[in-house]
file model03.txt (compact mmCIF, C-alpha atoms and all ligand atoms)
# COMPACT_ATOMS: atom_id res chain seq x y z
CA MET A 1 54.70 169.49 127.33
CA LYS A 2 57.15 166.63 127.89
CA ILE A 3 59.35 165.11 125.20
CA ASP A 4 58.85 161.34 125.26
CA LEU A 5 61.01 159.33 122.87
CA SER A 6 60.12 155.91 124.23
CA GLY A 7 59.73 153.37 121.45
CA LYS A 8 62.02 155.34 119.10
CA THR A 9 65.34 153.95 117.94
CA ILE A 10 67.81 156.72 117.19
CA LEU A 11 71.22 156.47 115.51
CA VAL A 12 73.56 159.29 116.57
CA THR A 13 76.87 159.49 114.70
CA GLY A 14 79.89 160.89 116.50
CA ALA A 15 78.29 160.25 119.88
CA SER A 16 81.51 159.55 121.75
CA ARG A 17 82.27 163.24 122.41
CA GLY A 18 80.99 166.79 122.31
CA ILE A 19 77.60 167.62 120.81
CA GLY A 20 76.91 164.00 119.84
CA LYS A 21 77.52 162.74 123.35
CA ALA A 22 75.30 165.37 124.99
CA THR A 23 72.63 164.70 122.36
CA ALA A 24 72.70 160.92 122.80
CA LEU A 25 72.45 161.34 126.57
CA ALA A 26 69.50 163.72 126.32
CA LEU A 27 67.71 161.51 123.78
CA GLY A 28 68.32 158.47 125.98
CA LYS A 29 67.08 160.24 129.11
CA ALA A 30 63.93 161.12 127.15
CA GLY A 31 63.34 157.40 126.60
CA GLY A 32 64.97 156.80 123.21
CA ARG A 33 66.85 153.61 122.37
CA ILE A 34 70.20 154.95 121.23
CA ALA A 35 72.64 153.50 118.70
CA ILE A 36 75.87 155.20 119.72
CA HIS A 37 78.27 155.55 116.81
CA TYR A 38 81.96 156.26 117.45
CA ASN A 39 85.17 156.08 115.48
CA LYS A 40 88.22 155.94 117.77
CA ASN A 41 86.86 156.46 121.28
CA TYR A 42 85.37 153.12 122.28
CA ASP A 43 85.83 153.70 126.02
CA ALA A 44 83.86 156.96 125.91
CA ALA A 45 81.12 155.37 123.80
CA LYS A 46 80.88 152.37 126.13
CA ALA A 47 80.69 154.63 129.22
CA LEU A 48 77.88 156.57 127.54
CA ALA A 49 75.97 153.37 126.71
CA ASP A 50 76.31 152.27 130.37
CA ASP A 51 74.98 155.65 131.47
CA ILE A 52 72.03 155.71 129.07
CA GLN A 53 71.08 152.00 129.35
CA ASN A 54 67.64 151.32 127.79
CA GLY A 55 69.23 149.07 125.13
CA ALA A 56 71.90 151.56 124.06
CA GLN A 57 74.70 149.89 122.07
CA CYS A 58 77.96 151.09 120.52
CA PHE A 59 78.87 150.80 116.83
CA GLN A 60 82.29 151.63 115.36
CA ALA A 61 82.83 153.07 111.88
CA ASP A 62 85.26 155.36 110.13
CA LEU A 63 82.81 157.43 108.11
CA ALA A 64 85.53 158.50 105.69
CA LYS A 65 85.14 154.99 104.25
CA PRO A 66 81.92 154.24 102.34
CA GLU A 67 82.06 150.51 103.10
CA GLN A 68 82.10 151.34 106.82
CA CYS A 69 79.03 153.59 106.44
CA GLN A 70 77.21 150.64 104.89
CA ALA A 71 78.47 148.25 107.59
CA LEU A 72 77.43 150.68 110.34
CA PHE A 73 73.90 150.93 109.00
CA ASP A 74 73.64 147.16 108.52
CA GLU A 75 74.86 146.48 112.08
CA VAL A 76 72.41 148.95 113.59
CA ILE A 77 69.52 147.39 111.67
CA LYS A 78 70.69 143.92 112.69
CA ALA A 79 70.69 145.00 116.34
CA TYR A 80 67.41 146.94 116.39
CA HIS A 81 65.54 145.80 113.21
CA SER A 82 64.68 149.38 112.26
CA ILE A 83 65.45 152.97 113.14
CA ASP A 84 63.14 155.95 113.51
CA VAL A 85 65.60 158.85 113.62
CA LEU A 86 69.03 159.37 112.05
CA ILE A 87 71.24 162.13 113.44
CA ASN A 88 74.26 162.89 111.26
CA ASN A 89 76.49 164.62 113.77
CA ALA A 90 80.01 163.21 113.28
CA GLY A 91 82.26 165.78 111.70
CA ILE A 92 85.79 167.04 111.26
CA PHE A 93 87.19 170.57 111.21
CA PHE A 94 90.83 171.11 110.50
CA ALA A 95 92.93 173.80 108.86
CA SER A 96 93.89 173.36 105.21
CA PRO A 97 95.41 176.60 103.87
CA LEU A 98 95.61 177.25 100.13
CA ASP A 99 99.34 176.49 100.10
CA SER A 100 98.98 173.13 101.84
CA GLU A 101 100.84 170.41 99.92
CA ASN A 102 97.94 168.06 100.65
CA TRP A 103 95.13 170.49 99.88
CA LEU A 104 93.23 168.11 97.60
CA GLU A 105 93.46 165.14 100.00
CA GLU A 106 92.39 167.40 102.87
CA TRP A 107 89.46 168.74 100.82
CA ASN A 108 88.36 165.18 100.05
CA GLU A 109 88.66 164.02 103.65
CA THR A 110 86.47 166.83 104.95
CA ILE A 111 83.88 166.40 102.23
CA ASN A 112 83.88 162.62 102.69
CA VAL A 113 83.30 162.64 106.45
CA ASN A 114 81.03 165.67 106.72
CA LEU A 115 78.99 165.45 103.53
CA ARG A 116 79.40 162.16 101.69
CA ALA A 117 78.85 160.04 104.82
CA THR A 118 75.79 162.16 105.71
CA ALA A 119 74.37 161.59 102.24
CA HIS A 120 75.26 157.90 102.30
CA LEU A 121 73.64 157.22 105.69
CA SER A 122 70.62 159.32 104.68
CA ARG A 123 70.22 157.27 101.51
CA LEU A 124 70.41 154.04 103.51
CA ALA A 125 67.82 155.35 105.99
CA LEU A 126 65.44 156.79 103.41
CA MET A 127 64.61 153.47 101.79
CA PRO A 128 63.31 151.81 104.98
CA PHE A 129 61.78 155.13 106.07
CA GLN A 130 59.71 155.05 102.86
CA SER A 131 58.53 151.53 103.65
CA GLN A 132 57.72 152.55 107.24
CA GLN A 133 56.08 155.78 105.99
CA GLN A 134 57.89 157.61 108.77
CA GLY A 135 61.38 158.75 109.68
CA ILE A 136 63.34 161.82 110.75
CA ILE A 137 66.80 162.92 109.61
CA ILE A 138 68.61 165.64 111.58
CA ASN A 139 71.86 166.95 110.15
CA ILE A 140 74.29 168.91 112.31
CA ALA A 141 75.74 171.51 109.95
CA SER A 142 77.30 174.81 111.04
CA ARG A 143 77.04 178.57 110.99
CA ALA A 144 79.84 178.30 108.42
CA ALA A 145 77.32 177.00 105.85
CA PHE A 146 75.61 180.41 105.91
CA ARG A 147 78.28 182.90 106.95
CA GLY A 148 81.25 181.17 105.27
CA ASP A 149 84.49 180.38 107.06
CA ASN A 150 88.11 181.49 106.94
CA PRO A 151 90.55 180.53 104.12
CA GLU A 152 91.86 177.55 106.12
CA HIS A 153 88.38 176.04 106.32
CA LEU A 154 86.94 176.36 102.80
CA ALA A 155 86.17 172.64 102.63
CA TYR A 156 84.48 172.69 106.02
CA ALA A 157 82.11 175.51 105.05
CA ALA A 158 81.38 173.88 101.68
CA SER A 159 80.70 170.50 103.30
CA LYS A 160 78.26 172.07 105.75
CA ALA A 161 76.48 174.05 103.02
CA GLY A 162 76.13 170.77 101.14
CA MET A 163 74.46 169.26 104.21
CA VAL A 164 71.92 172.10 104.22
CA ALA A 165 71.04 171.58 100.54
CA LEU A 166 70.82 167.83 101.09
CA THR A 167 68.46 168.33 104.03
CA LYS A 168 66.16 170.65 102.07
CA SER A 169 66.08 168.22 99.14
CA ILE A 170 65.14 165.32 101.41
CA ALA A 171 62.42 167.43 103.05
CA ARG A 172 60.97 168.40 99.66
CA ALA A 173 61.17 164.95 98.13
CA TYR A 174 59.99 162.67 100.92
CA GLY A 175 57.53 164.67 103.02
CA LYS A 176 54.58 162.82 101.48
CA ASP A 177 56.21 159.57 102.63
CA GLY A 178 56.00 160.80 106.22
CA ILE A 179 59.70 161.68 106.29
CA THR A 180 60.99 164.97 107.70
CA SER A 181 64.47 166.45 107.73
CA PHE A 182 66.09 169.29 109.66
CA VAL A 183 69.39 171.13 110.03
CA VAL A 184 70.83 172.29 113.32
CA ALA A 185 73.54 174.89 112.69
CA PRO A 186 75.70 175.61 115.71
CA GLY A 187 78.18 178.46 115.98
CA TRP A 188 81.11 178.11 118.38
CA VAL A 189 80.50 175.26 120.84
CA GLU A 190 82.82 174.33 123.66
CA THR A 191 84.08 170.91 122.49
CA ASP A 192 87.37 169.27 121.51
CA MET A 193 86.81 170.67 118.00
CA ASN A 194 87.61 174.17 119.26
CA LYS A 195 90.22 173.51 121.88
CA ASP A 196 93.09 174.51 119.55
CA THR A 197 91.32 177.76 118.61
CA ILE A 198 90.66 178.58 122.26
CA ALA A 199 94.27 177.71 123.19
CA THR A 200 95.65 179.87 120.37
CA TYR A 201 93.36 182.91 120.46
CA GLY A 202 91.85 182.72 123.95
CA MET A 203 88.25 182.51 125.09
CA ASP A 204 87.70 186.29 124.74
CA PHE A 205 88.32 186.01 120.98
CA ILE A 206 85.22 183.84 120.79
CA THR A 207 82.98 185.40 123.41
CA ASP A 208 83.56 188.90 122.02
CA SER A 209 81.81 187.76 118.84
CA LEU A 210 78.69 186.56 120.68
CA ALA A 211 75.50 188.41 121.60
CA LEU A 212 75.37 186.31 124.79
CA ASP A 213 78.10 186.38 127.40
CA ASP A 214 78.97 182.70 127.52
CA LEU A 215 80.17 180.16 125.00
CA THR A 216 77.56 177.63 123.85
CA LYS A 217 77.93 174.18 125.46
CA PRO A 218 76.84 170.85 123.98
CA ASP A 219 73.98 170.83 126.49
CA ASP A 220 72.67 174.02 124.85
CA ILE A 221 72.32 172.15 121.54
CA ALA A 222 70.92 168.80 122.70
CA PRO A 223 67.39 169.92 123.78
CA MET A 224 66.61 171.32 120.33
CA ILE A 225 67.67 168.04 118.73
CA CYS A 226 65.40 166.17 121.16
CA LEU A 227 62.48 168.37 120.11
CA LEU A 228 63.15 167.74 116.41
CA ALA A 229 63.55 163.99 117.06
CA SER A 230 60.19 163.88 118.85
CA GLY A 231 58.24 164.65 115.68
CA MET A 232 56.58 167.66 117.31
CA ALA A 233 58.32 170.03 114.87
CA LYS A 234 57.12 168.11 111.80
CA HIS A 235 55.77 171.20 110.02
CA ALA A 236 59.17 172.89 110.22
CA THR A 237 60.60 170.24 107.87
CA GLY A 238 63.45 171.49 105.70
CA THR A 239 64.31 174.27 108.08
CA THR A 240 67.55 175.18 109.84
CA ILE A 241 67.65 175.93 113.55
CA HIS A 242 70.55 178.30 114.25
CA ILE A 243 72.13 177.91 117.70
CA ASN A 244 75.06 180.32 117.79
CA ALA A 245 74.59 182.57 120.85
CA GLY A 246 73.58 185.38 118.51
CA SER A 247 76.95 185.52 116.77
CA TYR A 248 75.36 185.34 113.32
CA MET A 249 71.69 186.06 112.76
CA HIS A 250 70.68 184.59 109.45
N1 LIG A 301 82.12 172.51 118.14
C1 LIG A 301 81.71 173.50 117.36
O1 LIG A 301 82.04 174.68 117.58
C2 LIG A 301 80.83 173.22 116.18
C3 LIG A 301 80.30 174.32 115.48
C4 LIG A 301 79.48 174.10 114.38
C5 LIG A 301 79.21 172.82 113.98
N2 LIG A 301 79.72 171.76 114.67
C6 LIG A 301 79.43 170.42 114.17
O2 LIG A 301 78.86 169.64 115.19
C7 LIG A 301 79.24 168.27 115.01
C8 LIG A 301 79.84 167.75 116.31
O3 LIG A 301 80.96 168.58 116.62
P1 LIG A 301 81.74 168.45 118.02
O4 LIG A 301 82.30 169.80 118.28
O5 LIG A 301 80.91 167.78 119.02
O6 LIG A 301 82.96 167.51 117.56
P2 LIG A 301 84.06 166.71 118.41
O7 LIG A 301 83.92 166.97 119.85
O8 LIG A 301 85.34 166.97 117.71
O9 LIG A 301 83.62 165.18 118.14
C9 LIG A 301 83.64 164.69 116.83
C10 LIG A 301 82.89 163.37 116.76
O10 LIG A 301 82.93 162.91 115.40
C11 LIG A 301 83.53 161.62 115.34
N3 LIG A 301 84.36 161.50 114.15
C12 LIG A 301 85.41 162.28 113.79
N4 LIG A 301 85.96 161.82 112.64
C13 LIG A 301 85.25 160.71 112.30
C14 LIG A 301 85.35 159.76 111.24
N5 LIG A 301 86.31 159.83 110.29
N6 LIG A 301 84.46 158.76 111.20
C15 LIG A 301 83.52 158.65 112.16
N7 LIG A 301 83.37 159.49 113.18
C16 LIG A 301 84.24 160.50 113.26
C17 LIG A 301 84.36 161.48 116.63
O11 LIG A 301 84.46 160.10 116.96
P3 LIG A 301 85.66 159.50 117.92
O12 LIG A 301 85.86 160.47 119.04
O13 LIG A 301 85.12 158.18 118.40
O14 LIG A 301 86.86 159.31 117.06
C18 LIG A 301 83.53 162.29 117.62
O15 LIG A 301 82.51 161.49 118.18
C19 LIG A 301 80.21 168.26 113.83
O16 LIG A 301 79.54 167.87 112.66
C20 LIG A 301 80.67 169.69 113.74
O17 LIG A 301 81.09 170.05 112.44
C21 LIG A 301 80.53 171.93 115.75

call {"tool": "encode", "arguments": {"input": "model03.txt", "output": "structure tokens", "more": "lines below"}}
Ligand SMILES: NC(=O)c1ccc[n+]([C@@H]2O[C@H](COP(=O)([O-])OP(=O)(O)OC[C@H]3O[C@@H](n4cnc5c(N)ncnc54)[C@H](OP(=O)(O)O)[C@@H]3O)[C@@H](O)[C@H]2O)c1
result
Amino acid sequence: MKIDLSGKTILVTGASRGIGKATALALGKAGGRIAIHYNKNYDAAKALADDIQNGAQCFQADLAKPEQCQALFDEVIKAYHSIDVLINNAGIFFASPLDSENWLEEWNETINVNLRATAHLSRLALMPFQSQQQGIIINIASRAAFRGDNPEHLAYAASKAGMVALTKSIARAYGKDGITSFVVAPGWVETDMNKDTIATYGMDFITDSLALDDLTKPDDIAPMICLLASGMAKHATGTTIHINAGSYMH
């Protein structure tokens, strides 16, 4: 069975690097028309669009800002007229210990980028999806939503758990409108997000916690997202696919 995404327009947030980049590339190679969202890394987004071709375009937005979420969605619709799949992948992960002077601001920033922007873009997509009577939302959460995280990353774990609840609610509410929604929950993945952890604690710290013997790469995540985006997993709506090299079996 071959995944064929031709004719589908797919918005991938945070596609300039890491999991988003690998996902956008895989979706594009499967025939999808990809709206590549980025925040700061235009050059990487542009290089990806040149690689994918097939009408791929780049769209900038700081998803911490609600007005930029709205502008992003409007620009994508202006460019492509409609979308078929929304992939909320952009995210931030930074340490905010209990004694941080800026704990509240840091909490808000994580929630705003990881959860509020996901909810905002989902809301904007759901209305046209209802009119189209079809649409797929895929939210990239984390193992942290289920297992919890360390004291420096309380906001991160809470934001990701919020994404899971949001996804289930969308699946329950809009299935009869032809809309499905899924979570992909990675564990450790070898991206910029973890380079500080790897530099501080070493690769063995991570691989010792895995059932497999190698750290998950973005290319290990992308094929599952392609499958979900294809519509072939429709009857799994509301579910979470855990991709964590066996480090946490939910
Ligand atoms: N890596 C892991 O171990 C891991 C584990 C579990 C879950 N995840 C989740 O998987 C997703 C992708 O992670 P990753 O490791 O691929 O991350 P990454 O390599 O750090 O890339 C993050 C992406 O998000 C974008 N982004 C960051 N802040 C943004 C903001 N304020 N507004 C808009 N876009 C913003 C970045 O855009 P620019 O580069 O253009 O600024 C970049 O494209 C995240 O949601 C993350 O929480 C990752």

call {"tool": "closest_residue", "arguments": {"input": "model03.txt", "among": "A:Ala15, A:Ala229, A:Ala45, A:Val113", "to": "Ile83 (chain A)", "atoms": "only C-alpha atoms"}}
result
A:Ala229

call {"tool": "residues_around", "arguments": {"input": "model03.txt", "residues": "Ala30 (chain A)", "least_positions_apart": "3", "cutoff": "12 Å", "atoms": "all atoms listed in the file", "output": "PyMOL selection string"}}
result
chain A and resi 2-10+23-27+33-34+52-54+222-223+225-227+229-230

call {"tool": "residues_around", "arguments": {"input": "model03.txt", "residues": "Phe93 (chain A)", "least_positions_apart": "6", "cutoff": "9 Å", "atoms": "all atoms listed in the file", "output": "PyMOL selection string"}}
result
chain A and resi 110+153+155-156+193-194

call {"tool": "residues_near_ligand", "arguments": {"input": "model03.txt", "ligand": "ligand LIG 301 (chain A)", "cutoff": "6 Å", "atoms": "all atoms listed in the file", "output": "count of residues only"}}
result
32

call {"tool": "atom_distance", "arguments": {"input": "model03.txt", "atom1": "CA of Phe59 (chain A)", "atom2": "CA of Ala125 (chain A)"}}
result
16.1 Å

call {"tool": "residues_around", "arguments": {"input": "model03.txt", "residues": "Ile170 (chain A)", "least_positions_apart": "6", "cutoff": "8 Å", "atoms": "all atoms listed in the file", "output": "ChimeraX atom specification"}}
result
/A:180-181,238

call {"tool": "closest_residue", "arguments": {"input": "model03.txt", "among": "A:Tyr42, A:Phe182, A:Trp107, A:Phe205", "to": "Ile87 (chain A)", "atoms": "all atoms listed in the file"}}
result
A:Phe182

call {"tool": "residues_around", "arguments": {"input": "model03.txt", "residues": "Ile241 (chain A)", "least_positions_apart": "3", "cutoff": "8 Å", "atoms": "only C-alpha atoms", "output": "compact mmCIF listing (two decimals) with C-alpha atoms, in the frame of the given file"}}
result
# COMPACT_ATOMS: atom_id res chain seq x y z
CA PHE A 182 66.09 169.29 109.66
CA VAL A 183 69.39 171.13 110.03
CA VAL A 184 70.83 172.29 113.32
CA ALA A 185 73.54 174.89 112.69

call {"tool": "residues_near_point", "arguments": {"input": "model03.txt", "point": "(77.8, 150.1, 113.5)", "cutoff": "10 Å", "atoms": "all atoms listed in the file", "output": "ChimeraX atom specification"}}
result
/A:11,13,35-39,57-62,68-79

call {"tool": "residues_around", "arguments": {"input": "model03.txt", "residues": "region 100-106 of chain A", "least_positions_apart": "6", "cutoff": "10 Å", "atoms": "all atoms listed in the file", "output": "MDAnalysis selection string"}}
result
chainID A and resid 94 112 152 155

call {"tool": "residues_near_point", "arguments": {"input": "model03.txt", "point": "(75.2, 190.8, 115.4)", "cutoff": "12 Å", "atoms": "all atoms listed in the file", "output": "JSON, numbers by chain"}}
result
{"A": [147, 208, 209, 210, 211, 212, 244, 245, 246, 247, 248, 249, 250]}

call {"tool": "atom_distance", "arguments": {"input": "model03.txt", "atom1": "CA of Asn108 (chain A)", "atom2": "CA of Leu126 (chain A)"}}
result
24.6 Å

call {"tool": "build_atoms", "arguments": {"input": "model03.txt", "residues": "region 22-54 of chain A", "atoms": "N, CA and C atoms", "output": "PDB file, in the coordinates of the input"}}
result
ATOM      1  N   ALA A  22      76.358 164.688 124.229  1.00  0.00           N
ATOM      2  CA  ALA A  22      75.300 165.370 124.990  1.00  0.00           C
ATOM      3  C   ALA A  22      73.929 165.066 124.385  1.00  0.00           C
ATOM      4  N   THR A  23      73.891 164.984 123.053  1.00  0.00           N
ATOM      5  CA  THR A  23      72.630 164.700 122.360  1.00  0.00           C
ATOM      6  C   THR A  23      72.156 163.278 122.660  1.00  0.00           C
ATOM      7  N   ALA A  24      73.071 162.320 122.543  1.00  0.00           N
ATOM      8  CA  ALA A  24      72.700 160.920 122.800  1.00  0.00           C
ATOM      9  C   ALA A  24      72.191 160.758 124.219  1.00  0.00           C
ATOM     10  N   LEU A  25      72.859 161.427 125.158  1.00  0.00           N
ATOM     11  CA  LEU A  25      72.450 161.340 126.570  1.00  0.00           C
ATOM     12  C   LEU A  25      71.049 161.921 126.758  1.00  0.00           C
ATOM     13  N   ALA A  26      70.816 163.085 126.174  1.00  0.00           N
ATOM     14  CA  ALA A  26      69.500 163.720 126.320  1.00  0.00           C
ATOM     15  C   ALA A  26      68.403 162.890 125.660  1.00  0.00           C
ATOM     16  N   LEU A  27      68.697 162.348 124.479  1.00  0.00           N
ATOM     17  CA  LEU A  27      67.710 161.510 123.780  1.00  0.00           C
ATOM     18  C   LEU A  27      67.419 160.248 124.596  1.00  0.00           C
ATOM     19  N   GLY A  28      68.485 159.681 125.166  1.00  0.00           N
ATOM     20  CA  GLY A  28      68.320 158.470 125.980  1.00  0.00           C
ATOM     21  C   GLY A  28      67.526 158.756 127.244  1.00  0.00           C
ATOM     22  N   LYS A  29      67.806 159.891 127.871  1.00  0.00           N
ATOM     23  CA  LYS A  29      67.080 160.240 129.110  1.00  0.00           C
ATOM     24  C   LYS A  29      65.607 160.519 128.807  1.00  0.00           C
ATOM     25  N   ALA A  30      65.324 160.895 127.545  1.00  0.00           N
ATOM     26  CA  ALA A  30      63.930 161.120 127.150  1.00  0.00           C
ATOM     27  C   ALA A  30      63.254 159.818 126.700  1.00  0.00           C
ATOM     28  N   GLY A  31      63.967 158.702 126.855  1.00  0.00           N
ATOM     29  CA  GLY A  31      63.340 157.400 126.600  1.00  0.00           C
ATOM     30  C   GLY A  31      63.746 156.717 125.314  1.00  0.00           C
ATOM     31  N   GLY A  32      64.569 157.391 124.486  1.00  0.00           N
ATOM     32  CA  GLY A  32      64.970 156.800 123.210  1.00  0.00           C
ATOM     33  C   GLY A  32      65.933 155.631 123.382  1.00  0.00           C
ATOM     34  N   ARG A  33      65.881 154.714 122.417  1.00  0.00           N
ATOM     35  CA  ARG A  33      66.850 153.610 122.370  1.00  0.00           C
ATOM     36  C   ARG A  33      67.959 154.078 121.432  1.00  0.00           C
ATOM     37  N   ILE A  34      69.166 154.222 121.969  1.00  0.00           N
ATOM     38  CA  ILE A  34      70.200 154.950 121.230  1.00  0.00           C
ATOM     39  C   ILE A  34      71.286 154.033 120.672  1.00  0.00           C
ATOM     40  N   ALA A  35      71.489 154.120 119.360  1.00  0.00           N
ATOM     41  CA  ALA A  35      72.640 153.500 118.700  1.00  0.00           C
ATOM     42  C   ALA A  35      73.752 154.533 118.712  1.00  0.00           C
ATOM     43  N   ILE A  36      74.773 154.258 119.499  1.00  0.00           N
ATOM     44  CA  ILE A  36      75.870 155.200 119.720  1.00  0.00           C
ATOM     45  C   ILE A  36      76.985 154.890 118.729  1.00  0.00           C
ATOM     46  N   HIS A  37      77.148 155.761 117.744  1.00  0.00           N
ATOM     47  CA  HIS A  37      78.270 155.550 116.810  1.00  0.00           C
ATOM     48  C   HIS A  37      79.513 156.267 117.332  1.00  0.00           C
ATOM     49  N   TYR A  38      80.680 155.633 117.123  1.00  0.00           N
ATOM     50  CA  TYR A  38      81.960 156.260 117.450  1.00  0.00           C
ATOM     51  C   TYR A  38      82.966 155.821 116.398  1.00  0.00           C
ATOM     52  N   ASN A  39      84.090 156.500 116.383  1.00  0.00           N
ATOM     53  CA  ASN A  39      85.170 156.080 115.480  1.00  0.00           C
ATOM     54  C   ASN A  39      86.334 155.516 116.291  1.00  0.00           C
ATOM     55  N   LYS A  40      87.022 156.398 117.056  1.00  0.00           N
ATOM     56  CA  LYS A  40      88.220 155.940 117.770  1.00  0.00           C
ATOM     57  C   LYS A  40      88.010 155.767 119.270  1.00  0.00           C
ATOM     58  N   ASN A  41      87.002 156.400 119.820  1.00  0.00           N
ATOM     59  CA  ASN A  41      86.860 156.460 121.280  1.00  0.00           C
ATOM     60  C   ASN A  41      85.860 155.457 121.830  1.00  0.00           C
ATOM     61  N   TYR A  42      86.267 154.173 121.784  1.00  0.00           N
ATOM     62  CA  TYR A  42      85.370 153.120 122.280  1.00  0.00           C
ATOM     63  C   TYR A  42      85.036 153.310 123.762  1.00  0.00           C
ATOM     64  N   ASP A  43      86.061 153.625 124.567  1.00  0.00           N
ATOM     65  CA  ASP A  43      85.830 153.700 126.020  1.00  0.00           C
ATOM     66  C   ASP A  43      84.760 154.747 126.354  1.00  0.00           C
ATOM     67  N   ALA A  44      84.846 155.895 125.656  1.00  0.00           N
ATOM     68  CA  ALA A  44      83.860 156.960 125.910  1.00  0.00           C
ATOM     69  C   ALA A  44      82.472 156.514 125.448  1.00  0.00           C
ATOM     70  N   ALA A  45      82.417 155.838 124.309  1.00  0.00           N
ATOM     71  CA  ALA A  45      81.120 155.370 123.800  1.00  0.00           C
ATOM     72  C   ALA A  45      80.518 154.329 124.738  1.00  0.00           C
ATOM     73  N   LYS A  46      81.361 153.433 125.224  1.00  0.00           N
ATOM     74  CA  LYS A  46      80.880 152.370 126.130  1.00  0.00           C
ATOM     75  C   LYS A  46      80.366 152.988 127.438  1.00  0.00           C
ATOM     76  N   ALA A  47      81.116 153.972 127.969  1.00  0.00           N
ATOM     77  CA  ALA A  47      80.690 154.630 129.220  1.00  0.00           C
ATOM     78  C   ALA A  47      79.337 155.320 129.015  1.00  0.00           C
ATOM     79  N   LEU A  48      79.152 155.897 127.839  1.00  0.00           N
ATOM     80  CA  LEU A  48      77.880 156.570 127.540  1.00  0.00           C
ATOM     81  C   LEU A  48      76.740 155.547 127.472  1.00  0.00           C
ATOM     82  N   ALA A  49      77.002 154.423 126.812  1.00  0.00           N
ATOM     83  CA  ALA A  49      75.970 153.370 126.710  1.00  0.00           C
ATOM     84  C   ALA A  49      75.588 152.889 128.114  1.00  0.00           C
ATOM     85  N   ASP A  50      76.590 152.720 128.995  1.00  0.00           N
ATOM     86  CA  ASP A  50      76.310 152.270 130.370  1.00  0.00           C
ATOM     87  C   ASP A  50      75.475 153.299 131.120  1.00  0.00           C
ATOM     88  N   ASP A  51      75.722 154.573 130.810  1.00  0.00           N
ATOM     89  CA  ASP A  51      74.980 155.650 131.470  1.00  0.00           C
ATOM     90  C   ASP A  51      73.529 155.692 130.972  1.00  0.00           C
ATOM     91  N   ILE A  52      73.373 155.587 129.649  1.00  0.00           N
ATOM     92  CA  ILE A  52      72.030 155.710 129.070  1.00  0.00           C
ATOM     93  C   ILE A  52      71.183 154.462 129.369  1.00  0.00           C
ATOM     94  N   GLN A  53      71.808 153.286 129.224  1.00  0.00           N
ATOM     95  CA  GLN A  53      71.080 152.000 129.350  1.00  0.00           C
ATOM     96  C   GLN A  53      69.939 151.921 128.324  1.00  0.00           C
ATOM     97  N   ASN A  54      68.803 151.395 128.680  1.00  0.00           N
ATOM     98  CA  ASN A  54      67.640 151.320 127.790  1.00  0.00           C
ATOM     99  C   ASN A  54      68.004 150.732 126.418  1.00  0.00           C
TER     100      ASN A  54
END
